[in-house]
Amino acid sequence: IVCGYGRYVPPSDGREVEVTAMPSVTLSPNQAIDIGKMPPMAFEADQGFVVTQMPEMVLAEGQKLAIGELPRMKLENGQAVRVYSTTALATKPIIGEGIAGQVLSLATQKAELPANSSRCHVLVKAGSANTAPVVIGGGWSLAAGEHIKLETTAALAFAGTDGDTIEIIEVT
């Protein structure tokens, strides 16, 4: 720790004092800084800082926390972000950038659409000339010509009569 003693006398002609450099500061284990007592700081346009850990925060009744901007993030498989709100959240629908269509034919009373992680949603229509309903996932029946929109990236299993068809449009 560097310390000293002195007296600061501000300039009398109105000039400002500008601190251009500060020594690096290293905290010992279990040492803390009360950021509530820190002076305002300004950063250059390309300068930044990284917060690696924050203490638990409790907001008082009526207090609000506003986050203006977050950096771009990528979540790993299995990670999630939970958002809680007392008011409805305004969301923007997912809009795909491409589509792919195909017709699946039931053989041995089944057909499958493979999983697709880039899929936004899939439109499924039972063929108009089908002789019996097509069952999706073991429980949802589509009569001939009936359709459904499913917002899933998972594989879809179909069951029904051999030769019947399922029309698929995948939005990716």
# chains A, B, ... in the order shown; residues from 1 in each chain; ligands from 1
>>> residues_around(residues="range 84-94 of chain A", least_positions_apart="4", cutoff="12 Å", atoms="only C-alpha atoms", output="number ranges by chain")
A: 64, 118-121, 151-152, 171-172
>>> write_last_selection(atoms="N, CA, C and O atoms", output="PDB file, in the first residue's frame")
ATOM      1  N   LYS A  64     -36.996  -0.461  -8.479  1.00  0.00           N
ATOM      2  CA  LYS A  64     -36.927  -1.150  -9.758  1.00  0.00           C
ATOM      3  C   LYS A  64     -35.488  -1.226 -10.218  1.00  0.00           C
ATOM      4  O   LYS A  64     -34.672  -0.376  -9.887  1.00  0.00           O
ATOM      5  N   SER A 118     -32.755 -26.416 -35.926  1.00  0.00           N
ATOM      6  CA  SER A 118     -32.927 -25.085 -36.511  1.00  0.00           C
ATOM      7  C   SER A 118     -34.385 -24.798 -36.886  1.00  0.00           C
ATOM      8  O   SER A 118     -34.681 -23.739 -37.409  1.00  0.00           O
ATOM      9  N   ARG A 119     -35.273 -25.707 -36.585  1.00  0.00           N
ATOM     10  CA  ARG A 119     -36.692 -25.544 -36.909  1.00  0.00           C
ATOM     11  C   ARG A 119     -37.360 -24.592 -35.922  1.00  0.00           C
ATOM     12  O   ARG A 119     -37.199 -24.714 -34.720  1.00  0.00           O
ATOM     13  N   CYS A 120     -38.135 -23.628 -36.457  1.00  0.00           N
ATOM     14  CA  CYS A 120     -38.955 -22.752 -35.606  1.00  0.00           C
ATOM     15  C   CYS A 120     -40.267 -23.447 -35.280  1.00  0.00           C
ATOM     16  O   CYS A 120     -40.687 -23.486 -34.131  1.00  0.00           O
ATOM     17  N   HIS A 121     -40.917 -23.931 -36.314  1.00  0.00           N
ATOM     18  CA  HIS A 121     -42.149 -24.681 -36.148  1.00  0.00           C
ATOM     19  C   HIS A 121     -42.377 -25.541 -37.377  1.00  0.00           C
ATOM     20  O   HIS A 121     -41.680 -25.404 -38.386  1.00  0.00           O
ATOM     21  N   GLU A 151     -44.894 -26.096 -32.546  1.00  0.00           N
ATOM     22  CA  GLU A 151     -43.677 -25.318 -32.308  1.00  0.00           C
ATOM     23  C   GLU A 151     -42.705 -26.205 -31.547  1.00  0.00           C
ATOM     24  O   GLU A 151     -42.650 -26.173 -30.327  1.00  0.00           O
ATOM     25  N   THR A 152     -41.963 -27.002 -32.309  1.00  0.00           N
ATOM     26  CA  THR A 152     -41.041 -27.947 -31.698  1.00  0.00           C
ATOM     27  C   THR A 152     -39.869 -28.211 -32.626  1.00  0.00           C
ATOM     28  O   THR A 152     -39.987 -28.082 -33.841  1.00  0.00           O
ATOM     29  N   VAL A 171     -40.483 -24.798 -40.975  1.00  0.00           N
ATOM     30  CA  VAL A 171     -40.009 -23.408 -41.029  1.00  0.00           C
ATOM     31  C   VAL A 171     -38.745 -23.346 -40.187  1.00  0.00           C
ATOM     32  O   VAL A 171     -38.758 -23.668 -39.003  1.00  0.00           O
ATOM     33  N   THR A 172     -37.626 -22.963 -40.821  1.00  0.00           N
ATOM     34  CA  THR A 172     -36.332 -22.926 -40.142  1.00  0.00           C
ATOM     35  C   THR A 172     -35.812 -21.512 -40.059  1.00  0.00           C
ATOM     36  O   THR A 172     -36.226 -20.642 -40.783  1.00  0.00           O
TER      37      THR A 172
END
>>> closest_residue(among="A:Glu56, A:Glu44, A:Glu170, A:Asp34", to="Asn116 in chain A", atoms="only C-alpha atoms")
A:Glu170
>>> closest_residue(among="A:Val122, A:Leu150, A:Val134, A:Ile67", to="Lys110 in chain A", atoms="only C-alpha atoms")
A:Val134
>>> atom_distance(atom1="CA of Lys125 in chain A", atom2="CA of Ser141 in chain A")
10.8 Å
>>> select_by_dssp(residues="range 12-161 of chain A", states="strand (DSSP E)", output="number ranges by chain")
A: 99-105, 110-113, 121-126, 134-136, 140-142, 147-150, 156-159
>>> closest_residue(among="A:Asn77, A:Thr52, A:Gln47, A:Thr165", to="Ala111 in chain A", atoms="only C-alpha atoms")
A:Thr165
>>> atom_distance(atom1="CA of Pro10 in chain A", atom2="CA of Ser24 in chain A")
25.2 Å
>>> closest_residue(among="A:Met22, A:Ala132, A:Ile33, A:Met57", to="Asp162 in chain A", atoms="only C-alpha atoms")
A:Ala132
>>> residues_around(residues="range 154-157 of chain A", least_positions_apart="6", cutoff="8 Å", atoms="only C-alpha atoms", output="list of chain:residue names")
A:Lys110, A:Ala111, A:Glu112, A:Leu113, A:Pro114, A:Ala115, A:Asn116, A:Ser117, A:Ile136, A:Gly137, A:Gly138
>>> closest_residue(among="A:Thr161, A:Thr20, A:Thr108, A:Gln63", to="Asn130 in chain A", atoms="only C-alpha atoms")
A:Thr161
>>> decode(residues="range 14-166 of chain A", atoms="C-alpha atoms", output="PDB file, in the first residue's frame")
ATOM      1  CA  GLY A  14     -10.900  27.649 -12.618  1.00  0.00           C
ATOM      2  CA  ARG A  15      -8.803  24.983 -14.341  1.00  0.00           C
ATOM      3  CA  GLU A  16      -9.731  21.349 -13.793  1.00  0.00           C
ATOM      4  CA  VAL A  17      -7.571  18.621 -12.378  1.00  0.00           C
ATOM      5  CA  GLU A  18      -7.541  15.517 -14.561  1.00  0.00           C
ATOM      6  CA  VAL A  19      -6.350  12.190 -13.227  1.00  0.00           C
ATOM      7  CA  THR A  20      -4.900  10.327 -16.230  1.00  0.00           C
ATOM      8  CA  ALA A  21      -3.581   7.191 -14.564  1.00  0.00           C
ATOM      9  CA  MET A  22      -4.188   5.199 -11.429  1.00  0.00           C
ATOM     10  CA  PRO A  23      -2.062   2.415  -9.974  1.00  0.00           C
ATOM     11  CA  SER A  24      -3.498  -1.100 -10.222  1.00  0.00           C
ATOM     12  CA  VAL A  25      -5.456  -2.239  -7.187  1.00  0.00           C
ATOM     13  CA  THR A  26      -5.472  -5.826  -5.920  1.00  0.00           C
ATOM     14  CA  LEU A  27      -7.849  -6.890  -3.173  1.00  0.00           C
ATOM     15  CA  SER A  28      -6.854  -9.459  -0.595  1.00  0.00           C
ATOM     16  CA  PRO A  29      -9.157 -12.445   0.005  1.00  0.00           C
ATOM     17  CA  ASN A  30     -12.295 -11.431   1.950  1.00  0.00           C
ATOM     18  CA  GLN A  31     -11.602  -7.754   1.298  1.00  0.00           C
ATOM     19  CA  ALA A  32     -14.480  -5.803  -0.269  1.00  0.00           C
ATOM     20  CA  ILE A  33     -15.193  -2.464  -1.875  1.00  0.00           C
ATOM     21  CA  ASP A  34     -18.402  -0.607  -1.098  1.00  0.00           C
ATOM     22  CA  ILE A  35     -19.386   0.542  -4.579  1.00  0.00           C
ATOM     23  CA  GLY A  36     -22.031   2.786  -3.046  1.00  0.00           C
ATOM     24  CA  LYS A  37     -19.221   5.042  -1.859  1.00  0.00           C
ATOM     25  CA  MET A  38     -17.269   5.138  -5.122  1.00  0.00           C
ATOM     26  CA  PRO A  39     -17.132   8.337  -7.175  1.00  0.00           C
ATOM     27  CA  PRO A  40     -18.770   8.403 -10.623  1.00  0.00           C
ATOM     28  CA  MET A  41     -16.608   6.820 -13.328  1.00  0.00           C
ATOM     29  CA  ALA A  42     -16.488   7.364 -17.074  1.00  0.00           C
ATOM     30  CA  PHE A  43     -15.045   4.930 -19.583  1.00  0.00           C
ATOM     31  CA  GLU A  44     -13.632   5.614 -23.022  1.00  0.00           C
ATOM     32  CA  ALA A  45     -15.668   4.402 -26.010  1.00  0.00           C
ATOM     33  CA  ASP A  46     -13.658   1.201 -26.501  1.00  0.00           C
ATOM     34  CA  GLN A  47     -12.854   0.660 -22.831  1.00  0.00           C
ATOM     35  CA  GLY A  48     -14.884  -1.690 -20.680  1.00  0.00           C
ATOM     36  CA  PHE A  49     -14.893  -3.696 -17.509  1.00  0.00           C
ATOM     37  CA  VAL A  50     -15.935  -7.201 -16.556  1.00  0.00           C
ATOM     38  CA  VAL A  51     -18.059  -8.053 -13.545  1.00  0.00           C
ATOM     39  CA  THR A  52     -17.284 -11.638 -12.555  1.00  0.00           C
ATOM     40  CA  GLN A  53     -19.429 -11.881  -9.446  1.00  0.00           C
ATOM     41  CA  MET A  54     -22.202  -9.855  -7.847  1.00  0.00           C
ATOM     42  CA  PRO A  55     -23.522 -10.111  -4.306  1.00  0.00           C
ATOM     43  CA  GLU A  56     -27.152 -11.086  -3.768  1.00  0.00           C
ATOM     44  CA  MET A  57     -29.369  -8.031  -4.176  1.00  0.00           C
ATOM     45  CA  VAL A  58     -32.724  -7.391  -2.535  1.00  0.00           C
ATOM     46  CA  LEU A  59     -34.866  -4.593  -3.888  1.00  0.00           C
ATOM     47  CA  ALA A  60     -36.982  -2.596  -1.462  1.00  0.00           C
ATOM     48  CA  GLU A  61     -40.728  -2.225  -2.008  1.00  0.00           C
ATOM     49  CA  GLY A  62     -41.290  -0.058  -5.085  1.00  0.00           C
ATOM     50  CA  GLN A  63     -37.643  -0.169  -6.154  1.00  0.00           C
ATOM     51  CA  LYS A  64     -36.927  -1.150  -9.758  1.00  0.00           C
ATOM     52  CA  LEU A  65     -33.880  -2.428 -11.567  1.00  0.00           C
ATOM     53  CA  ALA A  66     -33.424  -1.395 -15.193  1.00  0.00           C
ATOM     54  CA  ILE A  67     -30.913  -3.159 -17.425  1.00  0.00           C
ATOM     55  CA  GLY A  68     -30.231  -1.070 -20.483  1.00  0.00           C
ATOM     56  CA  GLU A  69     -28.149  -3.517 -22.471  1.00  0.00           C
ATOM     57  CA  LEU A  70     -26.621  -6.956 -22.122  1.00  0.00           C
ATOM     58  CA  PRO A  71     -23.773  -8.404 -24.166  1.00  0.00           C
ATOM     59  CA  ARG A  72     -24.534 -11.092 -26.740  1.00  0.00           C
ATOM     60  CA  MET A  73     -24.665 -14.473 -25.002  1.00  0.00           C
ATOM     61  CA  LYS A  74     -24.761 -18.080 -26.126  1.00  0.00           C
ATOM     62  CA  LEU A  75     -26.326 -20.646 -23.834  1.00  0.00           C
ATOM     63  CA  GLU A  76     -24.892 -24.139 -23.763  1.00  0.00           C
ATOM     64  CA  ASN A  77     -27.143 -27.183 -24.079  1.00  0.00           C
ATOM     65  CA  GLY A  78     -29.183 -27.628 -20.911  1.00  0.00           C
ATOM     66  CA  GLN A  79     -28.741 -24.027 -19.743  1.00  0.00           C
ATOM     67  CA  ALA A  80     -31.770 -21.782 -19.350  1.00  0.00           C
ATOM     68  CA  VAL A  81     -32.620 -18.195 -18.472  1.00  0.00           C
ATOM     69  CA  ARG A  82     -35.699 -17.777 -16.333  1.00  0.00           C
ATOM     70  CA  VAL A  83     -37.603 -14.495 -16.611  1.00  0.00           C
ATOM     71  CA  TYR A  84     -40.175 -13.537 -14.002  1.00  0.00           C
ATOM     72  CA  SER A  85     -42.475 -10.559 -14.214  1.00  0.00           C
ATOM     73  CA  THR A  86     -45.579  -9.297 -12.471  1.00  0.00           C
ATOM     74  CA  THR A  87     -46.850  -7.880 -15.768  1.00  0.00           C
ATOM     75  CA  ALA A  88     -47.227  -9.539 -19.138  1.00  0.00           C
ATOM     76  CA  LEU A  89     -44.032  -9.690 -21.169  1.00  0.00           C
ATOM     77  CA  ALA A  90     -44.228  -8.358 -24.715  1.00  0.00           C
ATOM     78  CA  THR A  91     -42.567 -10.902 -26.959  1.00  0.00           C
ATOM     79  CA  LYS A  92     -41.842 -11.002 -30.636  1.00  0.00           C
ATOM     80  CA  PRO A  93     -42.870 -14.121 -32.542  1.00  0.00           C
ATOM     81  CA  ILE A  94     -40.126 -16.292 -33.973  1.00  0.00           C
ATOM     82  CA  ILE A  95     -39.976 -15.746 -37.700  1.00  0.00           C
ATOM     83  CA  GLY A  96     -38.212 -18.323 -39.815  1.00  0.00           C
ATOM     84  CA  GLU A  97     -35.782 -17.567 -42.594  1.00  0.00           C
ATOM     85  CA  GLY A  98     -36.553 -20.585 -44.762  1.00  0.00           C
ATOM     86  CA  ILE A  99     -39.018 -23.380 -45.403  1.00  0.00           C
ATOM     87  CA  ALA A 100     -38.774 -26.959 -46.593  1.00  0.00           C
ATOM     88  CA  GLY A 101     -41.715 -29.088 -47.642  1.00  0.00           C
ATOM     89  CA  GLN A 102     -42.021 -32.857 -47.931  1.00  0.00           C
ATOM     90  CA  VAL A 103     -44.601 -35.611 -48.041  1.00  0.00           C
ATOM     91  CA  LEU A 104     -44.205 -38.608 -45.743  1.00  0.00           C
ATOM     92  CA  SER A 105     -45.925 -41.890 -46.609  1.00  0.00           C
ATOM     93  CA  LEU A 106     -46.941 -44.282 -43.860  1.00  0.00           C
ATOM     94  CA  ALA A 107     -45.279 -47.683 -44.212  1.00  0.00           C
ATOM     95  CA  THR A 108     -45.706 -50.490 -41.690  1.00  0.00           C
ATOM     96  CA  GLN A 109     -48.261 -48.158 -40.092  1.00  0.00           C
ATOM     97  CA  LYS A 110     -45.699 -45.505 -39.117  1.00  0.00           C
ATOM     98  CA  ALA A 111     -43.558 -42.597 -40.314  1.00  0.00           C
ATOM     99  CA  GLU A 112     -41.149 -40.213 -38.595  1.00  0.00           C
ATOM    100  CA  LEU A 113     -39.975 -36.642 -39.119  1.00  0.00           C
ATOM    101  CA  PRO A 114     -36.422 -36.347 -37.691  1.00  0.00           C
ATOM    102  CA  ALA A 115     -35.542 -33.726 -35.074  1.00  0.00           C
ATOM    103  CA  ASN A 116     -34.266 -30.427 -36.452  1.00  0.00           C
ATOM    104  CA  SER A 117     -32.599 -27.968 -34.037  1.00  0.00           C
ATOM    105  CA  SER A 118     -32.927 -25.085 -36.511  1.00  0.00           C
ATOM    106  CA  ARG A 119     -36.692 -25.544 -36.909  1.00  0.00           C
ATOM    107  CA  CYS A 120     -38.955 -22.752 -35.606  1.00  0.00           C
ATOM    108  CA  HIS A 121     -42.149 -24.681 -36.148  1.00  0.00           C
ATOM    109  CA  VAL A 122     -43.645 -27.349 -38.376  1.00  0.00           C
ATOM    110  CA  LEU A 123     -46.975 -27.428 -40.184  1.00  0.00           C
ATOM    111  CA  VAL A 124     -48.442 -30.938 -40.412  1.00  0.00           C
ATOM    112  CA  LYS A 125     -51.403 -31.823 -42.638  1.00  0.00           C
ATOM    113  CA  ALA A 126     -53.001 -35.230 -43.065  1.00  0.00           C
ATOM    114  CA  GLY A 127     -53.304 -36.000 -46.776  1.00  0.00           C
ATOM    115  CA  SER A 128     -56.749 -35.133 -48.226  1.00  0.00           C
ATOM    116  CA  ALA A 129     -57.108 -38.616 -49.738  1.00  0.00           C
ATOM    117  CA  ASN A 130     -56.229 -40.468 -46.515  1.00  0.00           C
ATOM    118  CA  THR A 131     -58.533 -43.361 -45.607  1.00  0.00           C
ATOM    119  CA  ALA A 132     -58.085 -43.064 -41.813  1.00  0.00           C
ATOM    120  CA  PRO A 133     -56.863 -40.508 -39.267  1.00  0.00           C
ATOM    121  CA  VAL A 134     -53.123 -40.006 -38.762  1.00  0.00           C
ATOM    122  CA  VAL A 135     -52.040 -40.078 -35.110  1.00  0.00           C
ATOM    123  CA  ILE A 136     -49.189 -37.783 -33.991  1.00  0.00           C
ATOM    124  CA  GLY A 137     -47.055 -38.882 -31.046  1.00  0.00           C
ATOM    125  CA  GLY A 138     -49.437 -41.599 -29.953  1.00  0.00           C
ATOM    126  CA  GLY A 139     -52.319 -39.320 -29.012  1.00  0.00           C
ATOM    127  CA  TRP A 140     -53.375 -36.536 -31.402  1.00  0.00           C
ATOM    128  CA  SER A 141     -55.465 -37.558 -34.419  1.00  0.00           C
ATOM    129  CA  LEU A 142     -55.681 -35.629 -37.675  1.00  0.00           C
ATOM    130  CA  ALA A 143     -58.528 -36.504 -40.008  1.00  0.00           C
ATOM    131  CA  ALA A 144     -57.990 -36.364 -43.783  1.00  0.00           C
ATOM    132  CA  GLY A 145     -57.214 -32.753 -44.770  1.00  0.00           C
ATOM    133  CA  GLU A 146     -56.883 -31.568 -41.148  1.00  0.00           C
ATOM    134  CA  HIS A 147     -53.732 -29.651 -40.139  1.00  0.00           C
ATOM    135  CA  ILE A 148     -51.858 -28.486 -37.039  1.00  0.00           C
ATOM    136  CA  LYS A 149     -48.946 -26.157 -36.273  1.00  0.00           C
ATOM    137  CA  LEU A 150     -46.376 -27.523 -33.807  1.00  0.00           C
ATOM    138  CA  GLU A 151     -43.677 -25.318 -32.308  1.00  0.00           C
ATOM    139  CA  THR A 152     -41.041 -27.947 -31.698  1.00  0.00           C
ATOM    140  CA  THR A 153     -37.578 -29.011 -32.786  1.00  0.00           C
ATOM    141  CA  ALA A 154     -38.164 -32.597 -31.622  1.00  0.00           C
ATOM    142  CA  ALA A 155     -38.653 -35.644 -33.837  1.00  0.00           C
ATOM    143  CA  LEU A 156     -42.298 -36.364 -34.658  1.00  0.00           C
ATOM    144  CA  ALA A 157     -43.697 -39.908 -34.843  1.00  0.00           C
ATOM    145  CA  PHE A 158     -46.814 -40.644 -36.919  1.00  0.00           C
ATOM    146  CA  ALA A 159     -49.033 -43.730 -36.992  1.00  0.00           C
ATOM    147  CA  GLY A 160     -51.850 -44.688 -39.321  1.00  0.00           C
ATOM    148  CA  THR A 161     -52.857 -46.717 -42.342  1.00  0.00           C
ATOM    149  CA  ASP A 162     -50.179 -47.815 -44.827  1.00  0.00           C
ATOM    150  CA  GLY A 163     -50.179 -45.668 -47.958  1.00  0.00           C
ATOM    151  CA  ASP A 164     -51.743 -42.618 -46.258  1.00  0.00           C
ATOM    152  CA  THR A 165     -49.658 -39.428 -46.422  1.00  0.00           C
ATOM    153  CA  ILE A 166     -48.606 -36.557 -44.191  1.00  0.00           C
TER     154      ILE A 166
END
